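Written below as structure tokens is the structure these notes are about.
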Amino acid sequence: MEALNMTKILLLEDDTILSQEILTFLKSKNFECDAVYNGDIFFRQIHKKPYGLYLLDINVPGMHGLEVCQKIRDTDRVSPILMLTAYGELQDKLDAFRNGADDYLVKPFHIEELYIRILALLRRSSIPQESEQTIRILDLEINVSEMKVTRNHQPIELTPKEYQLLLLLAKAKGRTLSKQTIAEQIWDIHFDTNLNTIEVYINFLRKKVDKEHAQKLIHTRPGYGYYLQAD
């Protein structure tokens, strides 16, 4: 727990009352936490000192939260990003995940739930990379150390969540993974699996990994789940 609490957190939130509540709470848990209210100021702040986790509201002055999230991911594919927003529709969540968010918490929320989700994200990000550096399935190649994917030597650009899902399927070595297993591994057990988000992400992957190729790698086992394997 002490090692996780050493992570510096930067909060983007223009509601001053909520911002102060979050800062006070996280500092009571021994986190070092700073807050800004404007998306443009956000990037000035991260140039002043490094942060290991980001909490982003979407509807803020200056650059809005989704743009901030995407811009973080242009240079940092590792640090967890948790969106804090009043937008609770499925499409809002999908937009956040496609822009690189790792988790999504709808306002109003219990401050203790925020803390639990932060700890879950930090634990997951602190797991050491496995020794296997490259995974190959037919002409699909996943460079684990560099988090790069190619098929037939052509690069495939994936969002962090798409990459995590593809890697999870690849490491299963042809075994079928249920939606619940995927939810627990990629989104943690608190993720709302009733929104068919996993199915949507499978479709995202199919468009990027399989669409241009005659031999499909991502398959559905009806009633059971999904698996990745050459036919």
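The chains in the structure tokens are called A, B, ... from first to last as shown; in each chain the residues are counted from 1, and the ligands are counted from 1 in the order shown.
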### Message
Excluding Leu55 (chain A) and its own-chain neighbours fewer than 3 positions away, which residues fall within 8 Å of it when counting only C-alpha atoms? Please give them as a PyMOL selection string.
### Response
chain A and resi 9-12+81-84
Since we have the selection now, will you write its residues out, keeping N, CA, C and O atoms, as a PDB file, in the first residue's frame?
```pdb
ATOM      1  N   ILE A   9      -0.569  12.218  -8.143  1.00  0.00           N
ATOM      2  CA  ILE A   9      -1.834  12.279  -8.881  1.00  0.00           C
ATOM      3  C   ILE A   9      -2.116  13.718  -9.300  1.00  0.00           C
ATOM      4  O   ILE A   9      -1.959  14.647  -8.501  1.00  0.00           O
ATOM      5  N   LEU A  10      -2.544  13.899 -10.550  1.00  0.00           N
ATOM      6  CA  LEU A  10      -2.960  15.221 -11.028  1.00  0.00           C
ATOM      7  C   LEU A  10      -4.439  15.168 -11.392  1.00  0.00           C
ATOM      8  O   LEU A  10      -4.876  14.328 -12.175  1.00  0.00           O
ATOM      9  N   LEU A  11      -5.203  16.072 -10.799  1.00  0.00           N
ATOM     10  CA  LEU A  11      -6.653  16.150 -10.993  1.00  0.00           C
ATOM     11  C   LEU A  11      -7.002  17.331 -11.890  1.00  0.00           C
ATOM     12  O   LEU A  11      -6.542  18.448 -11.665  1.00  0.00           O
ATOM     13  N   LEU A  12      -7.821  17.067 -12.919  1.00  0.00           N
ATOM     14  CA  LEU A  12      -8.376  18.124 -13.761  1.00  0.00           C
ATOM     15  C   LEU A  12      -9.862  18.225 -13.448  1.00  0.00           C
ATOM     16  O   LEU A  12     -10.655  17.356 -13.809  1.00  0.00           O
ATOM     17  N   ILE A  81      -5.381   6.474 -16.344  1.00  0.00           N
ATOM     18  CA  ILE A  81      -6.242   7.651 -16.499  1.00  0.00           C
ATOM     19  C   ILE A  81      -7.660   7.260 -16.094  1.00  0.00           C
ATOM     20  O   ILE A  81      -8.243   6.322 -16.643  1.00  0.00           O
ATOM     21  N   LEU A  82      -8.213   7.990 -15.138  1.00  0.00           N
ATOM     22  CA  LEU A  82      -9.584   7.753 -14.657  1.00  0.00           C
ATOM     23  C   LEU A  82     -10.413   8.993 -14.946  1.00  0.00           C
ATOM     24  O   LEU A  82     -10.085  10.090 -14.502  1.00  0.00           O
ATOM     25  N   MET A  83     -11.491   8.818 -15.713  1.00  0.00           N
ATOM     26  CA  MET A  83     -12.370   9.928 -16.043  1.00  0.00           C
ATOM     27  C   MET A  83     -13.407  10.106 -14.926  1.00  0.00           C
ATOM     28  O   MET A  83     -14.005   9.135 -14.448  1.00  0.00           O
ATOM     29  N   LEU A  84     -13.617  11.367 -14.519  1.00  0.00           N
ATOM     30  CA  LEU A  84     -14.636  11.726 -13.530  1.00  0.00           C
ATOM     31  C   LEU A  84     -15.590  12.694 -14.205  1.00  0.00           C
ATOM     32  O   LEU A  84     -15.228  13.843 -14.462  1.00  0.00           O
TER      33      LEU A  84
END
```
Checklist line | Backbone DSSP call of alpha helix (DSSP H) for region 22-185 of chain A, listed as a PyMOL selection string | finding: chain A and resi 22-28+39-46+65-75+90-98+111-126+160-171+179-182
What separates CA of Ser19 (chain A) and CA of Ala101 (chain A) is a distance of 19.6 Å
Review point. Near Ile135 (chain A), within 9 Å and counting only C-alpha atoms, which residues show up once chain neighbours fewer than 5 positions away are dropped, as number ranges by chain?
Key: A: 140-144, 167, 170-171
For the residues in the current selection, export N, CA, C and O atoms as a PDB file, in the first residue's frame.
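Output file selection.pdb is given in full below:
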```pdb
ATOM      1  N   LEU A 140       0.232 -12.168 -37.260  1.00  0.00           N
ATOM      2  CA  LEU A 140       0.042 -11.138 -36.237  1.00  0.00           C
ATOM      3  C   LEU A 140       1.209 -11.185 -35.265  1.00  0.00           C
ATOM      4  O   LEU A 140       1.567 -12.254 -34.771  1.00  0.00           O
ATOM      5  N   GLU A 141       1.800 -10.031 -34.987  1.00  0.00           N
ATOM      6  CA  GLU A 141       2.929  -9.964 -34.057  1.00  0.00           C
ATOM      7  C   GLU A 141       2.669  -8.887 -33.013  1.00  0.00           C
ATOM      8  O   GLU A 141       2.339  -7.744 -33.346  1.00  0.00           O
ATOM      9  N   ILE A 142       2.792  -9.265 -31.746  1.00  0.00           N
ATOM     10  CA  ILE A 142       2.618  -8.326 -30.636  1.00  0.00           C
ATOM     11  C   ILE A 142       3.959  -8.171 -29.930  1.00  0.00           C
ATOM     12  O   ILE A 142       4.465  -9.131 -29.345  1.00  0.00           O
ATOM     13  N   ASN A 143       4.533  -6.992 -30.002  1.00  0.00           N
ATOM     14  CA  ASN A 143       5.765  -6.683 -29.285  1.00  0.00           C
ATOM     15  C   ASN A 143       5.376  -6.204 -27.895  1.00  0.00           C
ATOM     16  O   ASN A 143       4.939  -5.072 -27.722  1.00  0.00           O
ATOM     17  N   VAL A 144       5.519  -7.077 -26.906  1.00  0.00           N
ATOM     18  CA  VAL A 144       5.022  -6.793 -25.564  1.00  0.00           C
ATOM     19  C   VAL A 144       5.811  -5.671 -24.907  1.00  0.00           C
ATOM     20  O   VAL A 144       5.242  -4.794 -24.245  1.00  0.00           O
ATOM     21  N   LEU A 167      -3.966  -8.412 -26.197  1.00  0.00           N
ATOM     22  CA  LEU A 167      -2.904  -9.119 -25.484  1.00  0.00           C
ATOM     23  C   LEU A 167      -3.486 -10.211 -24.592  1.00  0.00           C
ATOM     24  O   LEU A 167      -2.944 -11.323 -24.514  1.00  0.00           O
ATOM     25  N   ALA A 170      -4.468 -13.055 -26.789  1.00  0.00           N
ATOM     26  CA  ALA A 170      -3.282 -13.732 -27.327  1.00  0.00           C
ATOM     27  C   ALA A 170      -2.624 -14.623 -26.284  1.00  0.00           C
ATOM     28  O   ALA A 170      -2.196 -15.743 -26.580  1.00  0.00           O
ATOM     29  N   LYS A 171      -2.556 -14.144 -25.051  1.00  0.00           N
ATOM     30  CA  LYS A 171      -1.918 -14.920 -23.976  1.00  0.00           C
ATOM     31  C   LYS A 171      -2.745 -16.138 -23.579  1.00  0.00           C
ATOM     32  O   LYS A 171      -2.216 -17.075 -22.976  1.00  0.00           O
TER      33      LYS A 171
END
```
Item to check | Asp34 (chain A) environment, 12 Å, only C-alpha atoms, sequence neighbours closer than 6 positions dropped, as a PyMOL selection string | outcome: chain A and resi 7-13+19-20+22-24+26-27+42+45-46+48-55
Those selected residues, please, written with N, CA and C atoms and delivered as an mmCIF file, in the first residue's frame.
```cif
data_model
loop_
_atom_site.group_PDB
_atom_site.id
_atom_site.type_symbol
_atom_site.label_atom_id
_atom_site.label_comp_id
_atom_site.auth_asym_id
_atom_site.auth_seq_id
_atom_site.Cartn_x
_atom_site.Cartn_y
_atom_site.Cartn_z
ATOM 1 N N THR A 7 2.640 7.321 -5.574
ATOM 2 C CA THR A 7 2.271 7.830 -6.890
ATOM 3 C C THR A 7 1.709 9.245 -6.783
ATOM 4 N N LYS A 8 2.213 10.142 -7.628
ATOM 5 C CA LYS A 8 1.694 11.518 -7.663
ATOM 6 C C LYS A 8 0.475 11.554 -8.589
ATOM 7 N N ILE A 9 -0.569 12.218 -8.143
ATOM 8 C CA ILE A 9 -1.834 12.279 -8.881
ATOM 9 C C ILE A 9 -2.116 13.718 -9.300
ATOM 10 N N LEU A 10 -2.544 13.899 -10.550
ATOM 11 C CA LEU A 10 -2.960 15.221 -11.028
ATOM 12 C C LEU A 10 -4.439 15.168 -11.392
ATOM 13 N N LEU A 11 -5.203 16.072 -10.799
ATOM 14 C CA LEU A 11 -6.653 16.150 -10.993
ATOM 15 C C LEU A 11 -7.002 17.331 -11.890
ATOM 16 N N LEU A 12 -7.821 17.067 -12.919
ATOM 17 C CA LEU A 12 -8.376 18.124 -13.761
ATOM 18 C C LEU A 12 -9.862 18.225 -13.448
ATOM 19 N N GLU A 13 -10.264 19.287 -12.745
ATOM 20 C CA GLU A 13 -11.641 19.448 -12.290
ATOM 21 C C GLU A 13 -11.931 20.925 -12.067
ATOM 22 N N SER A 19 -13.259 19.530 -6.302
ATOM 23 C CA SER A 19 -11.804 19.443 -6.410
ATOM 24 C C SER A 19 -11.148 19.451 -5.037
ATOM 25 N N GLN A 20 -11.582 20.362 -4.191
ATOM 26 C CA GLN A 20 -11.005 20.454 -2.850
ATOM 27 C C GLN A 20 -11.334 19.213 -2.022
ATOM 28 N N ILE A 22 -11.793 16.158 -3.160
ATOM 29 C CA ILE A 22 -10.941 15.059 -3.634
ATOM 30 C C ILE A 22 -9.504 15.240 -3.148
ATOM 31 N N LEU A 23 -8.982 16.461 -3.250
ATOM 32 C CA LEU A 23 -7.621 16.732 -2.787
ATOM 33 C C LEU A 23 -7.464 16.403 -1.303
ATOM 34 N N THR A 24 -8.396 16.895 -0.514
ATOM 35 C CA THR A 24 -8.329 16.668 0.940
ATOM 36 C C THR A 24 -8.378 15.183 1.275
ATOM 37 N N LEU A 26 -7.651 12.517 -0.734
ATOM 38 C CA LEU A 26 -6.476 11.773 -1.203
ATOM 39 C C LEU A 26 -5.246 12.081 -0.360
ATOM 40 N N LYS A 27 -5.129 13.334 0.064
ATOM 41 C CA LYS A 27 -4.000 13.676 0.932
ATOM 42 C C LYS A 27 -4.131 12.990 2.290
ATOM 43 N N PHE A 42 -3.400 22.272 -17.455
ATOM 44 C CA PHE A 42 -3.039 20.902 -17.113
ATOM 45 C C PHE A 42 -1.662 20.542 -17.665
ATOM 46 N N GLN A 45 1.231 22.127 -15.999
ATOM 47 C CA GLN A 45 1.518 21.516 -14.700
ATOM 48 C C GLN A 45 2.357 20.243 -14.849
ATOM 49 N N ILE A 46 2.045 19.400 -15.841
ATOM 50 C CA ILE A 46 2.789 18.140 -15.958
ATOM 51 C C ILE A 46 4.203 18.363 -16.470
ATOM 52 N N LYS A 48 5.966 20.651 -15.059
ATOM 53 C CA LYS A 48 6.656 21.082 -13.839
ATOM 54 C C LYS A 48 7.160 19.891 -13.032
ATOM 55 N N LYS A 49 6.365 18.784 -13.011
ATOM 56 C CA LYS A 49 6.783 17.591 -12.281
ATOM 57 C C LYS A 49 6.055 16.370 -12.825
ATOM 58 N N PRO A 50 6.626 15.186 -12.636
ATOM 59 C CA PRO A 50 6.006 13.971 -13.190
ATOM 60 C C PRO A 50 4.850 13.484 -12.328
ATOM 61 N N TYR A 51 3.846 12.917 -12.979
ATOM 62 C CA TYR A 51 2.705 12.316 -12.293
ATOM 63 C C TYR A 51 2.538 10.880 -12.774
ATOM 64 N N GLY A 52 1.965 10.045 -11.901
ATOM 65 C CA GLY A 52 1.794 8.640 -12.239
ATOM 66 C C GLY A 52 0.369 8.211 -12.443
ATOM 67 N N LEU A 53 -0.596 9.126 -12.193
ATOM 68 C CA LEU A 53 -2.009 8.815 -12.398
ATOM 69 C C LEU A 53 -2.764 10.122 -12.612
ATOM 70 N N TYR A 54 -3.759 10.076 -13.509
ATOM 71 C CA TYR A 54 -4.511 11.286 -13.857
ATOM 72 C C TYR A 54 -6.008 11.076 -13.633
ATOM 73 N N LEU A 55 -6.644 12.067 -13.022
ATOM 74 C CA LEU A 55 -8.100 12.103 -12.841
ATOM 75 C C LEU A 55 -8.627 13.252 -13.689
#
```
For Phe25 (chain A), please output as a ChimeraX atom specification all residues within 12 Å (counting only C-alpha atoms; exclusion window: fewer than 4 positions along the same chain).
-> /A:18-21,29-33,110-115
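The residue set within 10 Å of region 86-91 of chain A, counting only C-alpha atoms and dropping same-chain residues fewer than 6 places from it, reads Asp57, Ile58, Asn59, Phe97, Tyr104, Leu105, Val106, Lys107, Pro108, Phe109, Leu195, Asn196 and Thr197 of chain A.
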Preceding selection exported with all heavy atoms as an mmCIF file, in the first residue's frame:
```cif
data_model
loop_
_atom_site.group_PDB
_atom_site.id
_atom_site.type_symbol
_atom_site.label_atom_id
_atom_site.label_comp_id
_atom_site.auth_asym_id
_atom_site.auth_seq_id
_atom_site.Cartn_x
_atom_site.Cartn_y
_atom_site.Cartn_z
ATOM 1 N N ASP A 57 -11.857 15.359 -15.458
ATOM 2 C CA ASP A 57 -13.220 15.720 -15.803
ATOM 3 C C ASP A 57 -13.243 15.976 -17.311
ATOM 4 O O ASP A 57 -12.210 16.288 -17.918
ATOM 5 C CB ASP A 57 -13.639 16.968 -15.030
ATOM 6 C CG ASP A 57 -15.111 17.304 -15.202
ATOM 7 O OD1 ASP A 57 -15.856 16.460 -15.748
ATOM 8 O OD2 ASP A 57 -15.513 18.406 -14.799
ATOM 9 N N ILE A 58 -14.394 15.838 -17.948
ATOM 10 C CA ILE A 58 -14.482 16.054 -19.399
ATOM 11 C C ILE A 58 -14.839 17.498 -19.722
ATOM 12 O O ILE A 58 -14.174 18.161 -20.524
ATOM 13 C CB ILE A 58 -15.511 15.094 -20.027
ATOM 14 C CG1 ILE A 58 -14.993 13.651 -19.950
ATOM 15 C CG2 ILE A 58 -15.780 15.481 -21.492
ATOM 16 C CD1 ILE A 58 -15.958 12.622 -20.515
ATOM 17 N N ASN A 59 -15.891 18.012 -19.097
ATOM 18 C CA ASN A 59 -16.387 19.346 -19.430
ATOM 19 C C ASN A 59 -15.680 20.400 -18.579
ATOM 20 O O ASN A 59 -16.161 20.800 -17.517
ATOM 21 C CB ASN A 59 -17.898 19.405 -19.220
ATOM 22 C CG ASN A 59 -18.508 20.682 -19.738
ATOM 23 O OD1 ASN A 59 -17.899 21.368 -20.563
ATOM 24 N ND2 ASN A 59 -19.684 21.020 -19.256
ATOM 25 N N PHE A 97 -12.876 5.559 -23.436
ATOM 26 C CA PHE A 97 -11.977 4.416 -23.567
ATOM 27 C C PHE A 97 -11.206 4.473 -24.884
ATOM 28 O O PHE A 97 -10.023 4.140 -24.933
ATOM 29 C CB PHE A 97 -12.770 3.105 -23.473
ATOM 30 C CG PHE A 97 -13.284 2.812 -22.088
ATOM 31 C CD1 PHE A 97 -14.591 2.382 -21.901
ATOM 32 C CD2 PHE A 97 -12.487 2.974 -20.970
ATOM 33 C CE1 PHE A 97 -15.070 2.109 -20.633
ATOM 34 C CE2 PHE A 97 -12.954 2.708 -19.693
ATOM 35 C CZ PHE A 97 -14.250 2.275 -19.528
ATOM 36 N N TYR A 104 -13.757 4.813 -15.678
ATOM 37 C CA TYR A 104 -14.752 5.874 -15.885
ATOM 38 C C TYR A 104 -15.686 5.879 -14.686
ATOM 39 O O TYR A 104 -16.318 4.867 -14.392
ATOM 40 C CB TYR A 104 -15.525 5.553 -17.172
ATOM 41 C CG TYR A 104 -16.326 6.684 -17.760
ATOM 42 C CD1 TYR A 104 -15.863 7.379 -18.873
ATOM 43 C CD2 TYR A 104 -17.568 7.031 -17.248
ATOM 44 C CE1 TYR A 104 -16.621 8.384 -19.453
ATOM 45 C CE2 TYR A 104 -18.326 8.045 -17.814
ATOM 46 C CZ TYR A 104 -17.838 8.714 -18.920
ATOM 47 O OH TYR A 104 -18.580 9.717 -19.492
ATOM 48 N N LEU A 105 -15.753 6.990 -13.983
ATOM 49 C CA LEU A 105 -16.589 7.107 -12.791
ATOM 50 C C LEU A 105 -17.578 8.257 -12.987
ATOM 51 O O LEU A 105 -17.178 9.392 -13.253
ATOM 52 C CB LEU A 105 -15.713 7.358 -11.570
ATOM 53 C CG LEU A 105 -16.378 7.287 -10.187
ATOM 54 C CD1 LEU A 105 -17.076 5.952 -9.983
ATOM 55 C CD2 LEU A 105 -15.331 7.503 -9.102
ATOM 56 N N VAL A 106 -18.867 7.937 -12.891
ATOM 57 C CA VAL A 106 -19.919 8.918 -13.163
ATOM 58 C C VAL A 106 -20.264 9.684 -11.889
ATOM 59 O O VAL A 106 -20.467 9.095 -10.830
ATOM 60 C CB VAL A 106 -21.172 8.230 -13.737
ATOM 61 C CG1 VAL A 106 -22.277 9.247 -13.993
ATOM 62 C CG2 VAL A 106 -20.832 7.483 -15.026
ATOM 63 N N LYS A 107 -20.349 11.001 -12.011
ATOM 64 C CA LYS A 107 -20.780 11.849 -10.900
ATOM 65 C C LYS A 107 -22.303 11.771 -10.739
ATOM 66 O O LYS A 107 -23.005 11.660 -11.742
ATOM 67 C CB LYS A 107 -20.390 13.309 -11.168
ATOM 68 C CG LYS A 107 -18.908 13.556 -11.346
ATOM 69 C CD LYS A 107 -18.688 15.019 -11.719
ATOM 70 C CE LYS A 107 -17.225 15.333 -11.969
ATOM 71 N NZ LYS A 107 -17.028 16.721 -12.424
ATOM 72 N N PRO A 108 -22.802 11.879 -9.519
ATOM 73 C CA PRO A 108 -22.054 11.949 -8.251
ATOM 74 C C PRO A 108 -21.557 10.561 -7.854
ATOM 75 O O PRO A 108 -22.190 9.557 -8.187
ATOM 76 C CB PRO A 108 -23.081 12.472 -7.261
ATOM 77 C CG PRO A 108 -24.387 11.970 -7.802
ATOM 78 C CD PRO A 108 -24.259 11.989 -9.308
ATOM 79 N N PHE A 109 -20.436 10.503 -7.152
ATOM 80 C CA PHE A 109 -19.886 9.221 -6.736
ATOM 81 C C PHE A 109 -19.463 9.312 -5.272
ATOM 82 O O PHE A 109 -19.269 10.399 -4.729
ATOM 83 C CB PHE A 109 -18.682 8.843 -7.608
ATOM 84 C CG PHE A 109 -17.626 9.909 -7.693
ATOM 85 C CD1 PHE A 109 -16.680 10.071 -6.679
ATOM 86 C CD2 PHE A 109 -17.568 10.766 -8.796
ATOM 87 C CE1 PHE A 109 -15.707 11.058 -6.760
ATOM 88 C CE2 PHE A 109 -16.601 11.758 -8.881
ATOM 89 C CZ PHE A 109 -15.667 11.906 -7.859
ATOM 90 N N LEU A 195 -23.527 -3.468 -20.354
ATOM 91 C CA LEU A 195 -23.559 -2.449 -21.398
ATOM 92 C C LEU A 195 -22.979 -2.936 -22.721
ATOM 93 O O LEU A 195 -22.848 -2.171 -23.659
ATOM 94 C CB LEU A 195 -22.808 -1.200 -20.923
ATOM 95 C CG LEU A 195 -23.415 -0.499 -19.714
ATOM 96 C CD1 LEU A 195 -22.561 0.685 -19.282
ATOM 97 C CD2 LEU A 195 -24.826 -0.035 -20.009
ATOM 98 N N ASN A 196 -22.610 -4.228 -22.796
ATOM 99 C CA ASN A 196 -22.080 -4.809 -24.028
ATOM 100 C C ASN A 196 -20.822 -4.101 -24.524
ATOM 101 O O ASN A 196 -20.504 -4.159 -25.709
ATOM 102 C CB ASN A 196 -23.139 -4.810 -25.139
ATOM 103 C CG ASN A 196 -24.280 -5.770 -24.851
ATOM 104 O OD1 ASN A 196 -24.059 -6.840 -24.290
ATOM 105 N ND2 ASN A 196 -25.475 -5.386 -25.212
ATOM 106 N N THR A 197 -20.127 -3.439 -23.615
ATOM 107 C CA THR A 197 -18.925 -2.731 -24.015
ATOM 108 C C THR A 197 -17.851 -3.690 -24.517
ATOM 109 O O THR A 197 -17.110 -3.368 -25.448
ATOM 110 C CB THR A 197 -18.376 -1.903 -22.835
ATOM 111 O OG1 THR A 197 -19.397 -1.017 -22.402
ATOM 112 C CG2 THR A 197 -17.161 -1.105 -23.245
#
```
Self-check item: Contact residues around Val68 (chain A) with only C-alpha atoms at 9 Å, ignoring same-chain residues under 5 positions, as a list of chain:residue names
Solution: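 Selected residues are A:Gly39, A:Asp40, A:Phe42, A:Phe43, A:Leu56, A:Ile58, A:Met63, A:Arg73.
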Go ahead and write the residues just picked, N, CA and C atoms, as a JSON list (two decimals), in the first residue's frame.
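Output below, filename selection_31.json:
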```
[["chain", "number", "residue", "atom", "x", "y", "z"],
["A", 39, "GLY", "N", -7.96, 22.67, -18.96],
["A", 39, "GLY", "CA", -7.21, 21.68, -19.73],
["A", 39, "GLY", "C", -5.89, 22.19, -20.27],
["A", 40, "ASP", "N", -5.82, 23.48, -20.59],
["A", 40, "ASP", "CA", -4.56, 24.03, -21.10],
["A", 40, "ASP", "C", -3.54, 24.15, -19.97],
["A", 42, "PHE", "N", -3.40, 22.27, -17.46],
["A", 42, "PHE", "CA", -3.04, 20.90, -17.11],
["A", 42, "PHE", "C", -1.66, 20.54, -17.66],
["A", 43, "PHE", "N", -1.42, 20.87, -18.92],
["A", 43, "PHE", "CA", -0.15, 20.47, -19.54],
["A", 43, "PHE", "C", 1.01, 21.34, -19.08],
["A", 56, "LEU", "N", -9.48, 12.95, -14.66],
["A", 56, "LEU", "CA", -9.89, 13.97, -15.63],
["A", 56, "LEU", "C", -11.39, 14.14, -15.70],
["A", 58, "ILE", "N", -14.39, 15.84, -17.95],
["A", 58, "ILE", "CA", -14.48, 16.05, -19.40],
["A", 58, "ILE", "C", -14.84, 17.50, -19.72],
["A", 63, "MET", "N", -8.80, 23.11, -23.15],
["A", 63, "MET", "CA", -8.85, 21.79, -23.77],
["A", 63, "MET", "C", -9.70, 20.86, -22.90],
["A", 73, "ARG", "N", -1.94, 10.19, -23.94],
["A", 73, "ARG", "CA", -1.62, 8.90, -24.54],
["A", 73, "ARG", "C", -0.67, 9.00, -25.74]]
```
